[in-house]
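Source file: model-v8.cif. Holds: mmCIF, C-alpha atoms and all ligand atoms.
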data_model
loop_
_atom_site.label_atom_id
_atom_site.label_comp_id
_atom_site.auth_asym_id
_atom_site.auth_seq_id
_atom_site.Cartn_x
_atom_site.Cartn_y
_atom_site.Cartn_z
CA MET A 1 230.60 130.80 135.63
CA ALA A 2 227.25 129.56 134.31
CA LEU A 3 224.53 131.02 132.18
CA VAL A 4 221.12 130.92 133.80
CA LEU A 5 217.65 131.32 132.33
CA PRO A 6 215.98 134.62 133.15
CA VAL A 7 214.04 134.51 136.39
CA SER A 8 211.50 137.01 135.21
CA VAL A 9 210.21 138.37 131.91
CA THR A 10 207.76 141.21 131.31
CA VAL A 11 205.93 141.70 128.02
CA LEU A 12 203.65 144.53 126.86
CA THR A 13 201.18 143.67 124.09
CA PRO A 14 199.01 146.26 122.29
CA ALA A 15 195.27 146.19 121.67
CA THR A 16 194.29 145.71 118.05
CA SER A 17 191.35 146.62 115.86
CA ALA A 18 190.72 144.05 113.12
CA ASN A 19 188.95 144.43 109.75
CA LEU A 20 188.81 148.27 109.68
CA GLY A 21 185.54 147.82 107.80
CA PRO A 22 186.14 146.05 104.48
CA GLY A 23 189.37 144.16 105.35
CA PHE A 24 187.53 141.23 106.88
CA ASP A 25 190.06 138.76 108.38
CA SER A 26 192.94 140.53 106.63
CA LEU A 27 193.56 144.06 108.01
CA GLY A 28 194.43 145.04 111.56
CA LEU A 29 195.76 148.05 113.43
CA ALA A 30 197.74 148.07 116.69
CA LEU A 31 196.72 150.68 119.28
CA GLN A 32 198.57 152.40 122.11
CA ILE A 33 196.89 150.64 124.98
CA TYR A 34 198.53 147.54 126.43
CA ASN A 35 198.08 144.44 128.53
CA ARG A 36 201.17 143.69 130.60
CA PHE A 37 202.25 140.15 131.41
CA GLU A 38 204.97 139.39 133.94
CA VAL A 39 206.28 135.84 134.39
CA GLU A 40 208.71 134.74 137.08
CA GLU A 41 209.93 131.46 138.46
CA TRP A 42 207.88 130.65 141.52
CA GLY A 43 206.73 127.59 143.43
CA SER A 44 207.38 124.00 142.43
CA ASP A 45 204.48 122.79 140.28
CA PRO A 46 204.94 123.52 136.55
CA ASP A 47 201.38 122.33 135.77
CA HIS A 48 199.73 124.79 138.12
CA PRO A 49 200.92 128.38 137.62
CA HIS A 50 200.07 131.00 140.19
CA ILE A 51 198.15 133.61 138.17
CA GLU A 52 197.24 137.07 139.46
CA VAL A 53 194.99 139.36 137.45
CA LEU A 54 195.39 143.07 138.18
CA GLY A 55 192.84 145.61 136.99
CA ALA A 56 189.03 145.49 137.03
CA LEU A 57 188.93 144.82 133.26
CA GLY A 58 190.48 141.39 133.90
CA GLU A 59 187.44 140.19 135.78
CA GLY A 60 186.30 136.79 134.48
CA LEU A 61 189.65 135.77 132.97
CA SER A 62 190.83 132.31 133.99
CA THR A 63 193.52 132.03 136.68
CA GLY A 64 193.88 128.28 136.11
CA PRO A 65 196.18 126.27 133.84
CA ASP A 66 193.73 126.85 130.93
CA ASN A 67 194.63 130.56 130.95
CA MET A 68 195.44 131.51 127.37
CA PHE A 69 198.68 133.34 128.21
CA PHE A 70 199.99 130.34 130.16
CA GLN A 71 198.86 127.93 127.42
CA THR A 72 200.83 129.74 124.71
CA PHE A 73 203.85 130.26 127.03
CA VAL A 74 203.93 126.47 127.48
CA LEU A 75 203.23 125.83 123.77
CA LEU A 76 206.48 127.46 122.66
CA LEU A 77 208.61 125.90 125.42
CA LYS A 78 207.24 122.45 124.52
CA ARG A 79 207.98 123.01 120.81
CA LEU A 80 211.53 123.94 121.75
CA GLN A 81 211.75 120.98 124.14
CA VAL A 82 212.63 123.20 127.07
CA PRO A 83 211.46 121.98 130.51
CA ILE A 84 208.38 123.91 131.71
CA PRO A 85 209.28 126.04 134.75
CA SER A 86 206.98 126.53 137.70
CA VAL A 87 205.83 130.13 137.39
CA ARG A 88 203.88 133.05 138.79
CA ILE A 89 202.12 135.18 136.17
CA ARG A 90 200.91 138.72 136.83
CA MET A 91 198.55 140.05 134.16
CA THR A 92 197.74 143.76 134.24
CA ILE A 93 194.65 144.05 132.10
CA ASN A 94 193.92 147.46 130.54
CA ILE A 95 192.03 146.19 127.48
CA PRO A 96 188.42 145.00 127.89
CA HIS A 97 187.91 141.43 126.72
CA GLY A 98 185.17 140.24 124.39
CA CYS A 99 184.87 143.76 122.96
CA GLY A 100 186.66 143.57 119.61
CA LEU A 101 189.97 145.00 120.79
CA GLY A 102 192.02 141.82 120.53
CA SER A 103 192.31 140.92 124.19
CA SER A 104 192.87 137.22 123.50
CA ALA A 105 195.50 138.18 120.90
CA THR A 106 197.43 140.05 123.64
CA ALA A 107 197.44 136.86 125.72
CA VAL A 108 198.51 134.63 122.82
CA VAL A 109 201.24 136.98 121.57
CA GLY A 110 202.30 137.82 125.14
CA GLY A 111 202.69 134.13 126.05
CA LEU A 112 204.79 133.41 122.98
CA MET A 113 206.97 136.52 123.40
CA ALA A 114 207.57 135.74 127.08
CA ALA A 115 208.53 132.11 126.34
CA ASN A 116 210.78 133.27 123.51
CA GLU A 117 212.58 135.64 125.87
CA TRP A 118 212.76 132.91 128.50
CA VAL A 119 214.87 130.75 126.14
CA ARG A 120 216.91 133.56 124.59
CA THR A 121 219.96 132.94 126.81
CA LEU A 122 219.97 129.33 125.59
CA GLY A 123 220.21 130.56 122.01
CA LEU A 124 216.80 129.05 121.24
CA ALA A 125 214.77 132.21 120.57
CA VAL A 126 212.91 132.07 117.26
CA PRO A 127 212.20 134.96 114.85
CA LYS A 128 208.87 136.85 115.04
CA GLU A 129 207.68 135.21 111.77
CA GLU A 130 207.68 131.81 113.48
CA LEU A 131 205.83 133.26 116.45
CA LEU A 132 203.19 134.57 114.04
CA GLU A 133 202.42 131.07 112.69
CA MET A 134 202.03 129.76 116.24
CA ALA A 135 199.97 132.76 117.33
CA VAL A 136 197.44 132.26 114.53
CA GLU A 137 197.21 128.57 115.40
CA ALA A 138 196.59 129.41 119.06
CA GLU A 139 194.00 132.12 118.23
CA ALA A 140 191.46 129.73 116.64
CA GLY A 141 193.62 129.38 113.52
CA ASN A 142 191.52 131.19 110.94
CA HIS A 143 191.98 134.92 111.32
CA PRO A 144 195.44 136.45 111.72
CA ASP A 145 194.19 140.05 111.75
CA ASN A 146 194.48 140.55 115.54
CA VAL A 147 197.63 138.56 116.36
CA ALA A 148 199.65 139.94 113.41
CA PRO A 149 199.38 143.64 114.40
CA ALA A 150 199.67 142.69 118.11
CA LEU A 151 203.04 141.11 117.29
CA LEU A 152 204.30 143.54 114.64
CA GLY A 153 202.57 146.85 115.40
CA GLY A 154 201.32 149.41 112.86
CA LEU A 155 198.80 148.68 110.14
CA VAL A 156 199.11 145.06 109.02
CA ALA A 157 197.76 143.36 105.90
CA THR A 158 197.79 139.62 106.45
CA THR A 159 196.48 136.43 104.87
CA HIS A 160 197.09 132.70 104.42
CA VAL A 161 198.99 131.61 101.33
CA GLU A 162 199.16 127.84 100.85
CA GLY A 163 198.96 127.20 104.57
CA LYS A 164 201.50 129.91 105.49
CA ILE A 165 200.69 133.26 107.07
CA HIS A 166 201.90 136.31 105.22
CA ALA A 167 201.86 139.64 107.03
CA ILE A 168 203.08 143.02 105.84
CA LYS A 169 203.27 145.90 108.24
CA THR A 170 203.16 149.56 107.26
CA LYS A 171 203.37 152.61 109.46
CA PHE A 172 199.95 154.03 110.33
CA PRO A 173 199.77 157.83 109.81
CA ASN A 174 200.73 159.62 113.04
CA SER A 175 198.25 162.40 112.25
CA LEU A 176 195.29 160.05 112.71
CA ARG A 177 193.77 158.89 116.00
CA ALA A 178 191.41 156.06 116.72
CA VAL A 179 188.35 157.14 118.67
CA ILE A 180 187.00 154.00 120.32
CA PHE A 181 183.54 153.56 121.79
CA THR A 182 183.11 150.34 123.80
CA PRO A 183 179.54 149.44 124.79
CA SER A 184 178.94 147.88 128.16
CA PHE A 185 178.00 144.56 126.53
CA PRO A 186 180.50 142.17 124.90
CA MET A 187 180.01 140.48 121.51
CA ASP A 188 181.17 136.90 121.09
CA THR A 189 183.38 136.65 117.98
CA VAL A 190 182.60 132.96 117.45
CA ALA A 191 178.83 133.53 117.73
CA GLY A 192 179.10 136.57 115.45
CA ARG A 193 180.92 134.57 112.76
CA LYS A 194 178.13 132.02 112.77
CA LEU A 195 175.80 134.75 111.52
CA LEU A 196 177.83 135.20 108.33
CA PRO A 197 176.66 133.52 105.12
CA ALA A 198 178.62 130.71 103.47
CA ASN A 199 178.58 132.51 100.09
CA TYR A 200 178.33 136.14 98.96
CA PRO A 201 176.95 137.83 95.84
CA LYS A 202 179.69 138.96 93.46
CA ALA A 203 178.53 142.58 93.85
CA ASP A 204 179.22 142.46 97.61
CA VAL A 205 182.66 140.94 97.11
CA THR A 206 183.69 143.58 94.57
CA PHE A 207 182.19 146.27 96.83
CA ASN A 208 184.64 145.18 99.54
CA THR A 209 187.71 144.59 97.37
CA GLY A 210 187.34 148.09 95.93
CA ARG A 211 187.08 149.60 99.39
CA VAL A 212 190.09 147.74 100.82
CA ALA A 213 192.15 149.04 97.91
CA LEU A 214 190.79 152.55 98.46
CA LEU A 215 191.42 152.43 102.23
CA LEU A 216 195.05 151.36 101.95
CA THR A 217 195.75 153.91 99.21
CA ALA A 218 193.92 156.70 101.04
CA LEU A 219 196.00 156.04 104.19
CA GLN A 220 199.22 155.88 102.19
CA THR A 221 198.61 159.07 100.21
CA GLY A 222 196.91 161.10 102.95
CA SER A 223 193.62 161.22 100.99
CA TYR A 224 191.65 161.08 104.21
CA GLU A 225 188.46 162.42 102.58
CA LEU A 226 188.12 158.94 101.01
CA ILE A 227 188.30 157.06 104.31
CA GLY A 228 184.58 157.32 105.04
CA GLU A 229 183.62 155.50 101.85
CA ALA A 230 186.64 153.20 102.13
CA MET A 231 185.56 151.90 105.58
CA GLN A 232 182.21 150.61 104.27
CA ASP A 233 181.68 146.86 104.40
CA ARG A 234 179.20 144.32 103.06
CA LEU A 235 180.79 141.07 104.21
CA HIS A 236 180.36 141.03 108.00
CA GLN A 237 178.96 144.21 109.56
CA PRO A 238 175.44 143.99 108.09
CA TYR A 239 175.10 140.46 109.51
CA ARG A 240 176.52 141.32 112.93
CA GLN A 241 174.21 144.29 113.23
CA VAL A 242 171.46 142.07 114.68
CA LEU A 243 173.64 141.84 117.81
CA PHE A 244 174.10 145.63 117.92
CA PRO A 245 171.17 147.41 116.19
CA ALA A 246 172.36 150.93 117.20
CA MET A 247 175.68 150.44 115.37
CA PRO A 248 174.84 152.29 112.07
CA ASP A 249 173.52 155.34 113.91
CA ILE A 250 176.61 155.56 116.14
CA ILE A 251 178.85 155.27 113.08
CA LYS A 252 176.89 158.05 111.33
CA ALA A 253 177.12 160.24 114.46
CA ALA A 254 180.93 159.81 114.56
CA VAL A 255 181.23 160.93 110.92
CA ALA A 256 178.81 163.83 111.44
CA ALA A 257 180.98 164.99 114.37
CA GLY A 258 184.12 165.07 112.25
CA ALA A 259 185.50 161.52 111.89
CA HIS A 260 186.80 160.53 108.44
CA GLY A 261 185.10 157.16 108.81
CA ALA A 262 184.03 154.57 111.36
CA CYS A 263 183.21 150.88 111.61
CA LEU A 264 182.83 147.91 113.95
CA SER A 265 186.16 146.98 115.57
CA GLY A 266 186.91 143.29 114.92
CA GLY A 267 183.90 141.19 115.80
CA GLY A 268 182.56 143.97 118.08
CA SER A 269 181.26 145.27 120.30
CA SER A 270 183.62 148.30 120.12
CA LEU A 271 183.35 150.82 117.30
CA ILE A 272 186.39 152.58 115.89
CA ALA A 273 186.36 156.00 114.22
CA LEU A 274 189.44 157.41 112.45
CA ALA A 275 189.94 161.14 112.78
CA SER A 276 192.49 163.95 112.44
CA SER A 277 190.74 166.37 114.84
CA HIS A 278 187.58 166.87 116.96
CA PHE A 279 188.38 163.67 118.88
CA HIS A 280 186.39 164.56 122.01
CA ASP A 281 183.41 165.79 119.96
CA ILE A 282 183.39 162.52 118.04
CA LEU A 283 183.52 160.45 121.21
CA ARG A 284 180.77 162.52 122.80
CA ALA A 285 178.58 162.14 119.69
CA MET A 286 179.11 158.36 119.72
CA GLN A 287 178.27 158.13 123.43
CA ASN A 288 175.19 160.36 123.16
CA THR A 289 173.80 158.48 120.17
CA ALA A 290 174.42 155.15 121.91
CA ARG A 291 172.76 156.42 125.09
CA ALA A 292 169.70 157.58 123.13
CA ALA A 293 169.41 153.96 121.93
CA GLY A 294 169.76 152.65 125.49
CA VAL A 295 173.45 151.65 125.16
CA GLU A 296 175.98 152.87 127.74
CA GLY A 297 179.68 152.62 127.08
CA THR A 298 183.20 153.95 127.63
CA GLY A 299 185.54 155.75 125.28
CA MET A 300 189.22 156.07 124.42
CA ILE A 301 191.21 158.27 122.05
CA LEU A 302 194.29 156.35 120.95
CA ARG A 303 197.29 156.68 118.67
CA ALA A 304 198.50 153.72 116.62
CA ASP A 305 201.20 151.55 118.15
CA GLN A 306 203.94 151.26 115.52
CA ASN A 307 206.13 148.60 117.20
CA GLY A 308 203.99 145.73 118.43
CA ALA A 309 204.57 143.51 121.45
CA ARG A 310 207.77 144.18 123.33
CA VAL A 311 209.82 142.73 126.13
CA LEU A 312 210.55 145.17 128.93
CA ASN A 313 214.04 144.97 130.28
CA THR A 314 214.21 143.64 133.78
CA PRO A 315 216.66 145.90 135.61
CA ARG A 316 220.07 144.20 135.72
CA SER A 317 220.31 144.85 139.45
CA ARG A 318 217.03 143.04 140.07
CA ILE A 319 218.04 140.02 137.99
CA ARG A 320 221.33 139.88 139.83
CA LYS A 321 219.60 140.03 143.21
CA GLU A 322 217.12 137.31 142.27
CA VAL A 323 219.71 135.00 140.72
CA SER A 324 222.13 135.49 143.62
CA ALA A 325 219.39 134.75 146.12
CA ARG A 326 218.48 131.59 144.26
CA TYR A 327 221.78 130.17 143.05
CA GLY A 328 224.54 132.12 144.77
CA ASP A 329 226.83 134.75 143.23
CA GLN A 330 229.05 132.31 141.31
CA PHE A 331 226.15 131.59 138.93
CA TYR A 332 225.54 135.16 137.84
CA TRP A 333 226.75 136.06 134.39
CA SER A 334 226.39 139.33 132.66
CA PRO A 335 227.93 140.67 129.45
CA ALA A 336 230.84 143.05 130.02
CA ARG A 337 229.89 146.69 129.73
CA PRO A 338 232.19 149.00 127.73
CA GLY A 339 234.78 150.48 130.04
CA SER A 340 234.01 148.11 132.91
CA GLY A 341 237.40 146.41 132.59
CA ARG A 342 235.84 142.93 132.48
N1 LIG A 401 193.94 139.13 128.47
C1 LIG A 401 193.64 137.83 128.45
N2 LIG A 401 194.38 136.94 129.15
C2 LIG A 401 194.09 135.64 129.12
N3 LIG A 401 193.06 135.11 128.42
C3 LIG A 401 192.29 135.93 127.72
C4 LIG A 401 192.53 137.34 127.70
N4 LIG A 401 191.58 137.91 126.92
C5 LIG A 401 190.78 136.93 126.47
N5 LIG A 401 191.21 135.75 126.94
C6 LIG A 401 190.60 134.46 126.69
O1 LIG A 401 190.43 134.33 125.29
C7 LIG A 401 189.27 133.59 124.99
C8 LIG A 401 188.42 134.39 124.05
O2 LIG A 401 188.07 135.57 124.73
P1 LIG A 401 187.10 136.63 124.15
O3 LIG A 401 186.02 136.00 123.36
O4 LIG A 401 186.74 137.52 125.27
O5 LIG A 401 188.04 137.26 123.10
P2 LIG A 401 188.66 138.67 122.93
O6 LIG A 401 189.98 138.52 122.27
O7 LIG A 401 188.63 139.47 124.16
O8 LIG A 401 187.69 139.29 121.91
P3 LIG A 401 188.08 140.32 120.88
O9 LIG A 401 188.97 139.70 119.86
O10 LIG A 401 186.74 140.61 120.34
O11 LIG A 401 188.72 141.44 121.60
C9 LIG A 401 188.60 133.31 126.34
O12 LIG A 401 188.97 132.01 126.75
C10 LIG A 401 189.20 134.35 127.27
O13 LIG A 401 189.23 133.93 128.60
N1 LIG A 402 188.38 139.23 111.55
C1 LIG A 402 187.84 138.71 112.78
C2 LIG A 402 188.36 139.54 113.92
C3 LIG A 402 187.86 139.12 115.26
O1 LIG A 402 188.31 140.07 116.25
C4 LIG A 402 186.33 138.75 112.71
O2 LIG A 402 185.80 139.72 112.18
O3 LIG A 402 185.69 137.80 113.16
#
Could you render the structure as structure tokens?
Ligand SMILES: Nc1ncnc2c1ncn2[C@@H]1O[C@H](COP(=O)(O)OP(=O)(O)OP(=O)(O)O)[C@@H](O)[C@H]1O
Ligand SMILES: N[C@@H](CCO)C(=O)O
Amino acid sequence: MALVLPVSVTVLTPATSANLGPGFDSLGLALQIYNRFEVEEWGSDPDHPHIEVLGALGEGLSTGPDNMFFQTFVLLLKRLQVPIPSVRIRMTINIPHGCGLGSSATAVVGGLMAANEWVRTLGLAVPKEELLEMAVEAEAGNHPDNVAPALLGGLVATTHVEGKIHAIKTKFPNSLRAVIFTPSFPMDTVAGRKLLPANYPKADVTFNTGRVALLLTALQTGSYELIGEAMQDRLHQPYRQVLFPAMPDIIKAAVAAGAHGACLSGGGSSLIALASSHFHDILRAMQNTARAAGVEGTGMILRADQNGARVLNTPRSRIRKEVSARYGDQFYWSPARPGSGR
């Protein structure tokens, strides 16, 4: 009897909306829409994975060894000194990339989760906290507010403390939905960050600290009438607006149609409105206002994801079939099931 590594692993990773207005680089929310990554042993060249991208939203993503999912899959295996397998990767892309919904975070977190599962049978799997450090490093290293909620789910407050990432997750209220408007143009996060000043007036900093405090307390206590004011920001949105001049009008339209508040999602270009009702009216108002300004776009009404990235169980029968085909029956091992007599 021998223990074999899994021959396939599937991971689902949620979209995320970072900042939520004033929580620049420190607040993020996981949403119930997912990219799916499936990895299986395949071929004989570990340096050149076979990568398939399913879904029109995946257009433009790399299918070469520089693919971000593959890079982070390999990163963890190398850290754990596990030989890199030759693999086929199937990515089912449901989240638009470059649109402030944390697409690259799904790839980074997905790659780490898949590698972690890959080594679980060897007893080498590491806790999620260690994956978080690596995920932040892989995602440009300076803002954990997409990877942390992608990994943990819910509403996450996160920051660096003396070189270490701290992240605290709380449940996001189930009564609220995120109404997302995604314009047809992307916004480059790196380019957008270059527009931000090196220093801020004290009044702008205290404006934001007050609103982060208000936002978290309003969500915790159900004081949703405060959310509109609490989602205001002076640290990044006003500077990014040059890339998306219609943004303030679309935000106003969302609130006028019944949203508690709205803001830019991450580095844009999506906008996120939080609401308890009138979801379709809010989306329609956002789309109509955008269209009047010459901006087309798509919409989604989403609940919060409370659990974060997860490994989907590969059916036992399929694993058995694959392992038997590859190594013969004597190499298959499975834990005894209660009542099976084994
Ligand atoms: N789903 C994905 N799978 C693999 N690589 C991805 C994925 N999404 C983005 N990337 C890669 O991440 C890098 C940054 O992408 P991009 O600027 O589009 O970021 P993004 O995460 O989609 O943006 P945002 O955080 O605003 O949602 C690019 O190299 C891109 O190819
Ligand atoms: N906090 C980051 C998120 C990027 O999605 C930013 O605003 O640049």
*Kindly work out which residues sit at most 7 Å from ligand LIG 401 (chain A), using only C-alpha atoms and all ligand atoms, and give the list as a ChimeraX atom specification.*
/A:35,58,61-62,67-69,93,96-107,187-189,266-268
*Top pick for closest residue to A:Ile95, considering A:Tyr34, A:Phe181, A:Phe172, A:Phe244 and counting all atoms listed in the file*: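 Going through A:Tyr34, A:Phe181, A:Phe172, A:Phe244 one by one, the smallest distance to A:Ile95 is for A:Tyr34.
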*Got a sec: who's within 10 Å of stretch 129-139 of chain A, counting only C-alpha atoms, leaving out chain neighbours fewer than 2 positions off, as a PyMOL selection string?*
chain A and resi 68+71-72+75-76+104-113+116+125-127+141-152+160+163-167
Centre and size of axis-aligned box enclosing ligand LIG 402 (chain A) plus 8 Å each side, as AutoDock Vina command-line options:
--center_x 187.0 --center_y 138.9 --center_z 113.9 --size_x 18.7 --size_y 18.3 --size_z 20.7
_Taking (194.9, 156.8, 111.9) in the coordinates of the supplied file, I want to know which residues reach to within 10 Å of it, counting all atoms listed in the file; could you give the answer as a PyMOL selection string?_
chain A and resi 29+31+154-155+171-179+219+224+260+273-276+302-304
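Taking all atoms listed in the file into account, A:Asn19 lies nearest to A:Ile272 out of the set A:Ala218, A:Ala114, A:Val255, A:Ile272.
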*asked:* Using only C-alpha atoms, can you tell me which of A:Met231, A:Leu214, A:Ile89, A:Ala254 comes closest to A:Val7?
replied: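 For A:Val7, the nearest of the candidates is A:Ile89.
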_atom CA of A:Ala246 to atom CA of A:Ser265, distance in Å rounded to a single decimal_ =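 Taking atom CA of A:Ala246 and atom CA of A:Ser265, their separation equals 14.4 Å.
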*asked:* Quick one: residues within 12 Å of A:Thr209, only C-alpha atoms, excluding same-chain residues fewer than 5 positions away - as a ChimeraX atom specification?
replied: /A:21-24,26,202-204,214-216,230-235
*What is the atom CA of A:His236-atom CA of A:Ser184 distance in Å, reported with one decimal?*
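Between atom CA of A:His236 and atom CA of A:Ser184 the gap works out to 21.3 Å.
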*From the set A:Leu124, A:Ala30, A:Val295, A:Ala191, which residue has the shortest atom-to-atom contact distance to A:Ile250, counting all atoms listed in the file?*
A:Val295
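For the residues A:Thr159, A:Ser8, A:Thr289, A:Ser223, ranking by smallest atom-to-atom distance to ligand LIG 402 (chain A) using only C-alpha atoms and all ligand atoms places A:Thr159 first.
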*Best match for closeness to A:Met286 among A:Ala253, A:Ala262, A:Leu312, A:Val119, counting all atoms listed in the file*: A:Ala253
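The interatomic distance for the pair atom CA of A:Leu196 and atom O1 of ligand LIG 402 (chain A) works out to 14.0 Å.
A distance cut-off of 12 Å around (178.8, 156.3, 128.0), counting all atoms listed in the file, selects these protein and nucleic acid residues: Ile180, Phe181, Thr182, Pro183, Ser184, Phe185, Leu283, Arg284, Ala285, Met286, Gln287, Asn288, Thr289, Ala290, Arg291, Ala292, Ala293, Gly294, Val295, Glu296, Gly297, Thr298, Gly299 and Met300 of chain A.
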Take stretch 171-182 of chain A, bring it up to N, CA and C atoms, and give me the output as a short mmCIF file (atom, residue, chain, number, x, y, z; two decimals), in the coordinates of the input.
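Okay, result_6.cif is ready:
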data_model
loop_
_atom_site.label_atom_id
_atom_site.label_comp_id
_atom_site.auth_asym_id
_atom_site.auth_seq_id
_atom_site.Cartn_x
_atom_site.Cartn_y
_atom_site.Cartn_z
N LYS A 171 203.56 151.63 108.41
CA LYS A 171 203.37 152.61 109.46
C LYS A 171 201.98 153.22 109.30
N PHE A 172 201.26 153.36 110.40
CA PHE A 172 199.95 154.03 110.33
C PHE A 172 200.20 155.52 110.50
N PRO A 173 199.48 156.38 109.73
CA PRO A 173 199.77 157.83 109.81
C PRO A 173 199.66 158.36 111.24
N ASN A 174 200.71 159.07 111.67
CA ASN A 174 200.73 159.62 113.04
C ASN A 174 199.69 160.71 113.24
N SER A 175 199.21 161.30 112.12
CA SER A 175 198.25 162.40 112.25
C SER A 175 196.84 161.88 112.57
N LEU A 176 196.63 160.59 112.43
CA LEU A 176 195.29 160.05 112.71
C LEU A 176 195.21 159.46 114.11
N ARG A 177 194.03 159.56 114.71
CA ARG A 177 193.77 158.89 116.00
C ARG A 177 192.59 157.97 115.82
N ALA A 178 192.56 156.95 116.67
CA ALA A 178 191.41 156.06 116.72
C ALA A 178 190.55 156.49 117.90
N VAL A 179 189.31 156.82 117.60
CA VAL A 179 188.35 157.14 118.67
C VAL A 179 187.52 155.86 118.87
N ILE A 180 187.62 155.31 120.06
CA ILE A 180 187.00 154.00 120.32
C ILE A 180 185.82 154.16 121.27
N PHE A 181 184.68 153.63 120.87
CA PHE A 181 183.54 153.56 121.79
C PHE A 181 183.30 152.08 122.10
N THR A 182 183.32 151.73 123.39
CA THR A 182 183.11 150.34 123.80
C THR A 182 181.83 150.23 124.61
#
